[in-house]
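Structure first, then comments.
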Amino acid sequence: MKTYKIAVIAGDGVGPEVMAEAVKVLKETARIDGRFDFTFTDYPWGCEYYLKTGRMMPEDGMEILKDYDAILLGAVGYPGVPDHISLRGLLLEIRHGFDQYINLRPVKLLAGAPCPLKDVKREDINMTFIRENSEGEYSGSGAWLYKDQPEEVVIQNAVFSRKGCERVIRYAYELARKEGKTLTSISKANALNYSMVFWDQIFTELGREYPDVETHSYLVDAASMFMVKDPGRFQIVVTSNLFGDILTDLGAAIAGGMGLAAGANLNPDKKFPSMFEPIHGSAPDIAGKGIANPLASIWTAAQMLDFFGYEEWGTRIVNAIEKLLSEGKDLTPDLGGTASTSACGDALVRLLAE
Ligand code: NAD
Ligand code: IPM
Ligand code: MN
C-alpha cells in the first residue's frame with residue numbers, strides 16, 4: 001500500500017473549517033479504496049503564528065515542507081496582519097520557492113450549482129484555466145524610492161522570461177491536445193508593449209508545434225466580457241499570473257460562487273511538492289461561524305488525487321459534489337442552504353460511500 005505524506009497548512013479564517021472537511025473526504029477515499037493511505041501533518045502557520053513569532057512560517061519552513069508528497073492549504077490572510085506580509089510570507093513563498101508554475105483552476109458549472117447568467121447553457125461553462133504561477137506581475141520585484149517624501153516613487157516590475165512563458169504555454173497546448181479541446185490565450189499586447197507582445201509571440205511560436213490544436217487569442221478586457229456574455233467560447237485557457245487571478249474569481253462567480261472554486265498549484269516536474277488550495281480566501285466576514293462552504297476545498301482534494309494518478313477518484317468526488325448540489329439538502333448558506341460546514345462534509349462522505 002502506498003502512503004502519501006501530506007503537509008496540512010489550514011491557515012487563517014475559514015481555512016481550518018474547510019480543511020477539516022477536505023481531510024475527512026480524503027480519509028474516506030483511502031478507507032474505501034484500500035490501495036493508498038495518507039498521513040496528515042498539521043502546521044499551525046499563518047497570521048496568528050505571525051503575531052506570536054513575527055514570521056508566517058518558521059525560517060526552515062520550506063525545508064520542512066520539501067519532503068512531503070503534497071501540501072494542502074486552507075487560506076491565508078487576516079485583518080491585523082497586512083496582506084502583502086501574510087501572503088508573501090507563506091502562500092506566495094511556497095508557490096515560488098517550490099516552482100509551482102502551473103495554477104490549474106477548473107471553471108465548470110456543475111449540475112445543480114447556481115449560475116447568475118441568463119441565456120447560457122450549463123454545458124457552456126466548462127473551462128480549465130492554466131494560470132502562470134511563478135513570475136509575471138507577481139515577481140515581487142520593484143522598489144519604493146524616497147519613501148514618505150514628496151518625490152515618492154514606487155516601481156512594481158512584471159517579469160516575463162522565455163523559460164517561464166514557454167513552459168506554461170506548452171503545458172496548456174499539451175493539455176488541449178490531450179483533451180481534444182481549443183486553447184485560448186488571454187493577454188493585453190495593445191497596451192503592455194513588452195510583456196504581452198512577448199507572450200503573444202511565444203503563443204504563436206509554440207502553436208506551430210501543435211497544428212492540431214485550434215487556438216484563439218483575446219485581449220483581457222474583451223475576454224472578461226465574453227466570459228459573461230458567451231462563456232462557451234472558452235475551453236482550455238492560458239494566461240498570466242494577475243489576469244488569471246482576476247479571471248478565475250469571475251469564473252467562480254459564473255460557476256456557483258467562491259465556495260465551489262478549486263485550484264491546484266503544480267510543479268509538474270515533481271522536483272518539489274505541489275500545493276492544493278481553494279481559490280477563495282479566509283472569508284473574515286463568515287469565519288468562526290461554521291457556515292463556510294467546504295466544497296471548493298473538497299474539489300481541491302480531488303485535484304490532488306488526480307495529480308497522484310487516481311483520476312477515477314478525482315472524478316468520483318466531483319460526481320459526489322454534483323449529486324449533493326442536485327439533491328440540495330445539505331448545502332451551506334452561500335448556496336441557499338442551512339447546513340453547517342461539517343454537515344455538508346458529512347453528507348459528501350455519505351454520497352462517496354454509495
Ligand atoms: P475571500 O475569498 O476570502 O472572500 C470573498 C467573499 O466570498 C466573502 O464574502 C466570503 O464570505 C465569500 N467566501 C469565500 N470563501 C467562501 C466559502 N468557502 N464559503 C462561503 N463563502 C465564501 O476574499 P477577500 O475577502 O478578498 O480576502 C480575505 C482574505 O483572504 C485577505 O486577507 C486576502 O488577502 C486573503 N486571500 C487569501 C487567499 C488564499 O489563501 N488562497 C485567496 C484570496 C484571498
Ligand atoms: C488566489 C489569491 C492569491 C493570488 C493572493 C491571496 C495572493 O487571490 O490564490 O487567487 O493573488 O494568487
Ligand atoms: Mn485570487
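Residue numbering restarts at 1 for every chain of the C-alpha cells, chains are lettered A, B, ... in their displayed order, and ligands are numbered from 1 as they appear.
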
Please return as number ranges by chain: the residues of region 98-235 of chain A that backbone DSSP assigns to strand (DSSP E or B).
A: 102-108, 126-132, 136-145, 153-159, 183-187, 215-219

Filtering to N, CA and C atoms, could you give me those residues as a compact mmCIF listing (two decimals), in the first residue's frame?
# COMPACT_ATOMS: atom_id res chain seq x y z
N ILE A 102 2.44 26.04 -12.52
CA ILE A 102 1.10 25.89 -13.10
C ILE A 102 0.05 26.08 -12.02
N ASN A 103 -0.87 26.98 -12.24
CA ASN A 103 -2.04 27.08 -11.37
C ASN A 103 -3.24 26.63 -12.19
N LEU A 104 -3.71 25.44 -11.88
CA LEU A 104 -4.77 24.81 -12.68
C LEU A 104 -6.12 25.02 -11.98
N ARG A 105 -7.00 25.77 -12.60
CA ARG A 105 -8.26 26.14 -11.96
C ARG A 105 -9.45 25.80 -12.87
N PRO A 106 -10.21 24.78 -12.50
CA PRO A 106 -11.39 24.45 -13.31
C PRO A 106 -12.49 25.49 -13.10
N VAL A 107 -13.09 25.94 -14.17
CA VAL A 107 -14.27 26.82 -14.09
C VAL A 107 -15.38 26.05 -14.78
N LYS A 108 -16.06 25.22 -14.00
CA LYS A 108 -17.05 24.29 -14.58
C LYS A 108 -18.34 24.42 -13.78
N ASN A 126 -17.54 25.45 -19.03
CA ASN A 126 -16.70 24.27 -18.79
C ASN A 126 -15.30 24.58 -19.31
N MET A 127 -14.54 25.29 -18.49
CA MET A 127 -13.21 25.73 -18.92
C MET A 127 -12.17 25.24 -17.92
N THR A 128 -10.94 25.17 -18.38
CA THR A 128 -9.82 24.93 -17.47
C THR A 128 -8.85 26.07 -17.63
N PHE A 129 -8.68 26.83 -16.58
CA PHE A 129 -7.71 27.93 -16.62
C PHE A 129 -6.34 27.41 -16.23
N ILE A 130 -5.35 27.72 -17.05
CA ILE A 130 -3.95 27.47 -16.73
C ILE A 130 -3.33 28.84 -16.51
N ARG A 131 -3.13 29.15 -15.25
CA ARG A 131 -2.60 30.46 -14.87
C ARG A 131 -1.10 30.35 -14.62
N GLU A 132 -0.32 31.24 -15.23
CA GLU A 132 1.12 31.27 -14.93
C GLU A 132 1.25 31.61 -13.45
N GLY A 136 5.70 36.85 -13.82
CA GLY A 136 4.75 37.83 -14.33
C GLY A 136 4.60 39.00 -13.37
N GLU A 137 3.36 39.42 -13.18
CA GLU A 137 3.06 40.58 -12.35
C GLU A 137 3.34 40.27 -10.88
N TYR A 138 3.51 38.97 -10.53
CA TYR A 138 3.71 38.56 -9.13
C TYR A 138 5.19 38.35 -8.81
N SER A 139 6.10 38.84 -9.64
CA SER A 139 7.51 38.53 -9.43
C SER A 139 8.02 39.08 -8.10
N GLY A 140 7.36 40.09 -7.58
CA GLY A 140 7.82 40.66 -6.31
C GLY A 140 9.02 41.57 -6.49
N SER A 141 9.31 41.93 -7.74
CA SER A 141 10.46 42.80 -8.00
C SER A 141 10.00 44.25 -8.09
N GLY A 142 10.75 45.13 -7.44
CA GLY A 142 10.38 46.54 -7.51
C GLY A 142 11.15 47.36 -6.51
N ALA A 143 10.69 48.56 -6.32
CA ALA A 143 11.40 49.44 -5.38
C ALA A 143 10.44 50.52 -4.89
N TRP A 144 10.76 51.02 -3.71
CA TRP A 144 9.99 52.12 -3.12
C TRP A 144 11.00 53.22 -2.80
N LEU A 145 11.03 54.22 -3.65
CA LEU A 145 12.08 55.23 -3.54
C LEU A 145 11.53 56.48 -2.84
N VAL A 153 8.31 57.50 -5.17
CA VAL A 153 8.09 56.74 -6.41
C VAL A 153 8.02 55.26 -6.07
N VAL A 154 7.05 54.55 -6.62
CA VAL A 154 7.09 53.09 -6.49
C VAL A 154 7.16 52.46 -7.87
N ILE A 155 7.89 51.34 -7.91
CA ILE A 155 8.05 50.60 -9.17
C ILE A 155 7.70 49.14 -8.89
N GLN A 156 6.79 48.58 -9.65
CA GLN A 156 6.44 47.16 -9.49
C GLN A 156 6.70 46.50 -10.84
N ASN A 157 7.71 45.68 -10.89
CA ASN A 157 8.10 45.11 -12.18
C ASN A 157 7.35 43.82 -12.50
N ALA A 158 6.90 43.71 -13.72
CA ALA A 158 6.37 42.43 -14.20
C ALA A 158 7.51 41.72 -14.94
N VAL A 159 7.72 40.46 -14.59
CA VAL A 159 8.85 39.72 -15.18
C VAL A 159 8.32 38.58 -16.03
N LEU A 183 -7.68 25.95 -27.42
CA LEU A 183 -6.83 26.66 -26.47
C LEU A 183 -6.94 28.16 -26.74
N THR A 184 -7.24 28.91 -25.67
CA THR A 184 -7.36 30.36 -25.79
C THR A 184 -6.31 31.04 -24.91
N SER A 185 -5.57 31.95 -25.51
CA SER A 185 -4.60 32.75 -24.74
C SER A 185 -5.24 34.10 -24.44
N ILE A 186 -5.07 34.56 -23.21
CA ILE A 186 -5.61 35.87 -22.83
C ILE A 186 -4.46 36.78 -22.43
N SER A 187 -4.36 37.93 -23.09
CA SER A 187 -3.22 38.82 -22.83
C SER A 187 -3.65 40.27 -23.03
N THR A 215 -6.67 27.37 -31.91
CA THR A 215 -6.34 28.40 -30.92
C THR A 215 -7.15 29.67 -31.14
N HIS A 216 -7.27 30.42 -30.06
CA HIS A 216 -7.87 31.76 -30.08
C HIS A 216 -7.03 32.64 -29.18
N SER A 217 -7.09 33.93 -29.43
CA SER A 217 -6.34 34.86 -28.60
C SER A 217 -7.22 36.08 -28.36
N TYR A 218 -7.40 36.43 -27.08
CA TYR A 218 -8.24 37.59 -26.75
C TYR A 218 -7.48 38.57 -25.89
N LEU A 219 -7.86 39.81 -26.00
CA LEU A 219 -7.41 40.81 -25.04
C LEU A 219 -8.20 40.60 -23.75

Can you work out which residues are within 6 Å of ligand 1, considering only C-alpha atoms and all ligand atoms, and then hand them over as a PyMOL selection string?
chain A and resi 75-78+83+258-259+279-283+285-286+292-294+334

Write out as a PyMOL selection string which residues come within 12 Å of region 337-347 of chain A when counting only C-alpha atoms, dropping same-chain ones fewer than 3 positions away.
chain A and resi 14-26+28+114+259+286-299+317+320-321+323-325+327-334+350-354

8 Å shell around ligand 2 using only C-alpha atoms and all ligand atoms, listed as a PyMOL selection string
chain A and resi 76-77+83-84+87-88+91-92+133+241-242+245-246+248-249+277-281

Output of the above residues as a PDB file, in the first residue's frame, restricted to C-alpha atoms:
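Printed below is selection01.pdb as written:
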ATOM      1  CA  VAL A  76      -4.002  32.773   4.319  1.00  0.00           C
ATOM      2  CA  GLY A  77      -4.600  36.386   5.381  1.00  0.00           C
ATOM      3  CA  ASP A  83      -1.943  41.181   3.305  1.00  0.00           C
ATOM      4  CA  HIS A  84       1.324  41.759   1.463  1.00  0.00           C
ATOM      5  CA  LEU A  87       0.724  36.319   1.564  1.00  0.00           C
ATOM      6  CA  ARG A  88       4.349  36.964   0.605  1.00  0.00           C
ATOM      7  CA  LEU A  91       1.399  31.291   0.170  1.00  0.00           C
ATOM      8  CA  LEU A  92       3.497  33.067  -2.458  1.00  0.00           C
ATOM      9  CA  ASN A 133       2.043  30.957 -11.263  1.00  0.00           C
ATOM     10  CA  ASN A 241      -0.457  35.394 -13.204  1.00  0.00           C
ATOM     11  CA  LEU A 242      -2.507  38.519 -12.449  1.00  0.00           C
ATOM     12  CA  ASP A 245      -6.107  35.592 -10.604  1.00  0.00           C
ATOM     13  CA  ILE A 246      -8.800  38.073 -11.569  1.00  0.00           C
ATOM     14  CA  THR A 248     -10.802  32.935 -12.010  1.00  0.00           C
ATOM     15  CA  ASP A 249     -12.751  34.933  -9.411  1.00  0.00           C
ATOM     16  CA  GLU A 277      -5.918  25.111  -2.173  1.00  0.00           C
ATOM     17  CA  PRO A 278      -9.307  26.587  -2.922  1.00  0.00           C
ATOM     18  CA  ILE A 279      -9.374  29.879  -4.831  1.00  0.00           C
ATOM     19  CA  HIS A 280     -11.165  31.685  -2.036  1.00  0.00           C
ATOM     20  CA  GLY A 281      -9.525  33.489   0.857  1.00  0.00           C
TER      21      GLY A 281
END

Selection: 12 Å around region 307-313 of chain A, only C-alpha atoms, excl. self and same-chain fewer than 6 positions, as a PyMOL selection string
chain A and resi 2-6+25-26+28-30+32-33+35-38+69-70+104+263-270+273-276+298-301+319-320+352-353

Store the residues picked out above in a file with C-alpha atoms, as an mmCIF file, in the first residue's frame.
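In the end it all went to part_19.cif:
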data_model
loop_
_atom_site.group_PDB
_atom_site.id
_atom_site.type_symbol
_atom_site.label_atom_id
_atom_site.label_comp_id
_atom_site.auth_asym_id
_atom_site.auth_seq_id
_atom_site.Cartn_x
_atom_site.Cartn_y
_atom_site.Cartn_z
ATOM 1 C CA LYS A 2 1.242 3.468 -0.896
ATOM 2 C CA THR A 3 1.194 6.034 1.921
ATOM 3 C CA TYR A 4 1.234 9.691 0.884
ATOM 4 C CA LYS A 5 2.756 12.211 3.296
ATOM 5 C CA ILE A 6 0.617 15.339 3.284
ATOM 6 C CA VAL A 25 -13.107 13.157 2.478
ATOM 7 C CA LEU A 26 -9.539 12.073 1.718
ATOM 8 C CA GLU A 28 -12.809 8.185 3.338
ATOM 9 C CA THR A 29 -11.364 7.668 -0.154
ATOM 10 C CA ALA A 30 -8.397 5.839 1.381
ATOM 11 C CA ILE A 32 -12.879 2.686 0.556
ATOM 12 C CA ASP A 33 -10.057 2.180 -1.930
ATOM 13 C CA ARG A 35 -4.618 0.800 -2.309
ATOM 14 C CA PHE A 36 -3.412 4.047 -0.741
ATOM 15 C CA ASP A 37 -3.370 5.875 2.555
ATOM 16 C CA PHE A 38 -2.362 9.275 3.909
ATOM 17 C CA ASP A 69 4.224 14.376 -1.322
ATOM 18 C CA ALA A 70 1.845 17.345 -1.336
ATOM 19 C CA LEU A 104 -4.768 24.813 -12.675
ATOM 20 C CA GLY A 263 -7.293 25.235 -7.699
ATOM 21 C CA ALA A 264 -4.016 23.348 -7.792
ATOM 22 C CA ASN A 265 -0.509 24.819 -7.715
ATOM 23 C CA LEU A 266 1.529 22.283 -9.627
ATOM 24 C CA ASN A 267 5.203 21.620 -10.010
ATOM 25 C CA PRO A 268 4.725 19.253 -12.976
ATOM 26 C CA ASP A 269 8.386 18.207 -12.877
ATOM 27 C CA LYS A 270 7.708 16.760 -9.386
ATOM 28 C CA PRO A 273 5.701 19.129 -3.699
ATOM 29 C CA SER A 274 2.620 20.626 -5.311
ATOM 30 C CA MET A 275 0.060 22.537 -3.263
ATOM 31 C CA PHE A 276 -3.708 22.240 -3.359
ATOM 32 C CA ILE A 298 -13.023 19.091 -1.240
ATOM 33 C CA TRP A 299 -12.748 19.600 -5.020
ATOM 34 C CA THR A 300 -9.160 20.696 -4.415
ATOM 35 C CA ALA A 301 -8.540 17.394 -2.636
ATOM 36 C CA ASN A 319 -19.614 13.430 -9.202
ATOM 37 C CA ALA A 320 -20.491 13.250 -5.497
ATOM 38 C CA LEU A 352 -18.949 8.905 -1.673
ATOM 39 C CA ALA A 353 -19.531 5.587 0.045
#

What residues in region 63-207 of chain A get the DSSP label helix (DSSP H, G or I)? Please answer as a ChimeraX atom specification.
/A:63-65,83-97,122-124,162-179,195-207

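Closest approach to Leu335 (chain A) among A:Ala223, A:Cys115, A:Ala7, A:Met57 is made by A:Cys115 (distances from only C-alpha atoms).
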
Any idea what the distance is between CA of Ile85 (chain A) and CA of Tyr43 (chain A)?
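CA of Tyr43 (chain A) lies 18.5 Å from CA of Ile85 (chain A).
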
Within 10 Å of region 224-229 of chain A, counting only C-alpha atoms, which residues show up once you throw out same-chain ones fewer than 2 positions away? Write them as a ChimeraX atom specification, please.
/A:116-120,125,186,218-222,231-234,243,246-247,250-251,253-254

Restrict the selected residues to C-alpha atoms and save them as a PDB file, in the first residue's frame.
ATOM      1  CA  PRO A 116     -26.263  34.140 -12.277  1.00  0.00           C
ATOM      2  CA  LEU A 117     -26.115  34.291 -16.085  1.00  0.00           C
ATOM      3  CA  LYS A 118     -29.243  34.058 -18.151  1.00  0.00           C
ATOM      4  CA  ASP A 119     -29.474  32.589 -21.633  1.00  0.00           C
ATOM      5  CA  VAL A 120     -26.368  30.487 -21.001  1.00  0.00           C
ATOM      6  CA  ILE A 125     -19.405  26.920 -18.686  1.00  0.00           C
ATOM      7  CA  ILE A 186      -5.615  35.869 -22.829  1.00  0.00           C
ATOM      8  CA  TYR A 218      -8.244  37.590 -26.754  1.00  0.00           C
ATOM      9  CA  LEU A 219      -7.411  40.814 -25.042  1.00  0.00           C
ATOM     10  CA  VAL A 220      -8.183  40.523 -21.346  1.00  0.00           C
ATOM     11  CA  ASP A 221     -10.846  43.229 -21.358  1.00  0.00           C
ATOM     12  CA  ALA A 222     -12.795  41.577 -24.166  1.00  0.00           C
ATOM     13  CA  PRO A 231     -18.661  31.573 -21.940  1.00  0.00           C
ATOM     14  CA  GLY A 232     -18.957  28.667 -24.403  1.00  0.00           C
ATOM     15  CA  ARG A 233     -16.075  30.237 -26.344  1.00  0.00           C
ATOM     16  CA  PHE A 234     -13.567  29.104 -23.726  1.00  0.00           C
ATOM     17  CA  PHE A 243      -5.011  38.123 -15.271  1.00  0.00           C
ATOM     18  CA  ILE A 246      -8.800  38.073 -11.569  1.00  0.00           C
ATOM     19  CA  LEU A 247     -10.476  35.988 -14.259  1.00  0.00           C
ATOM     20  CA  LEU A 250     -15.002  35.963 -12.302  1.00  0.00           C
ATOM     21  CA  GLY A 251     -15.046  32.287 -13.250  1.00  0.00           C
ATOM     22  CA  ALA A 253     -18.923  33.898  -9.889  1.00  0.00           C
ATOM     23  CA  ILE A 254     -20.399  32.315 -13.026  1.00  0.00           C
TER      24      ILE A 254
END

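Here CA of Leu175 (chain A) stands at a distance of 7.7 Å from CA of Ile236 (chain A).
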
Which residue gives the smallest distance to Ala113 (chain A) among A:Gly11, A:Glu93, A:Ser326, A:Tyr68, with only C-alpha atoms counted?
A:Ser326

Ranking A:Val197, A:Ile71, A:Ala262, A:Val318 by minimum distance to ligand 3 and counting only C-alpha atoms and all ligand atoms, which one comes first?
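With only C-alpha atoms and all ligand atoms as the atom set, the closest residue is A:Ala262.
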
Rounded to one decimal, what separation in Å do you get between CA of Tyr50 (chain A) and CA of Pro79 (chain A)?
12.3 Å

Which residue out of A:Met196, A:Leu109, A:Cys47, A:Ile202 has the minimum interatomic distance to Arg167 (chain A) when only C-alpha atoms are used?
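Distance minimum relative to Arg167 (chain A) lands on A:Ile202.
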
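Nearest to Arg95 (chain A) of all the residues A:Ala191, A:Leu73, A:Ala176, A:Leu206 is A:Leu73, counting only C-alpha atoms.
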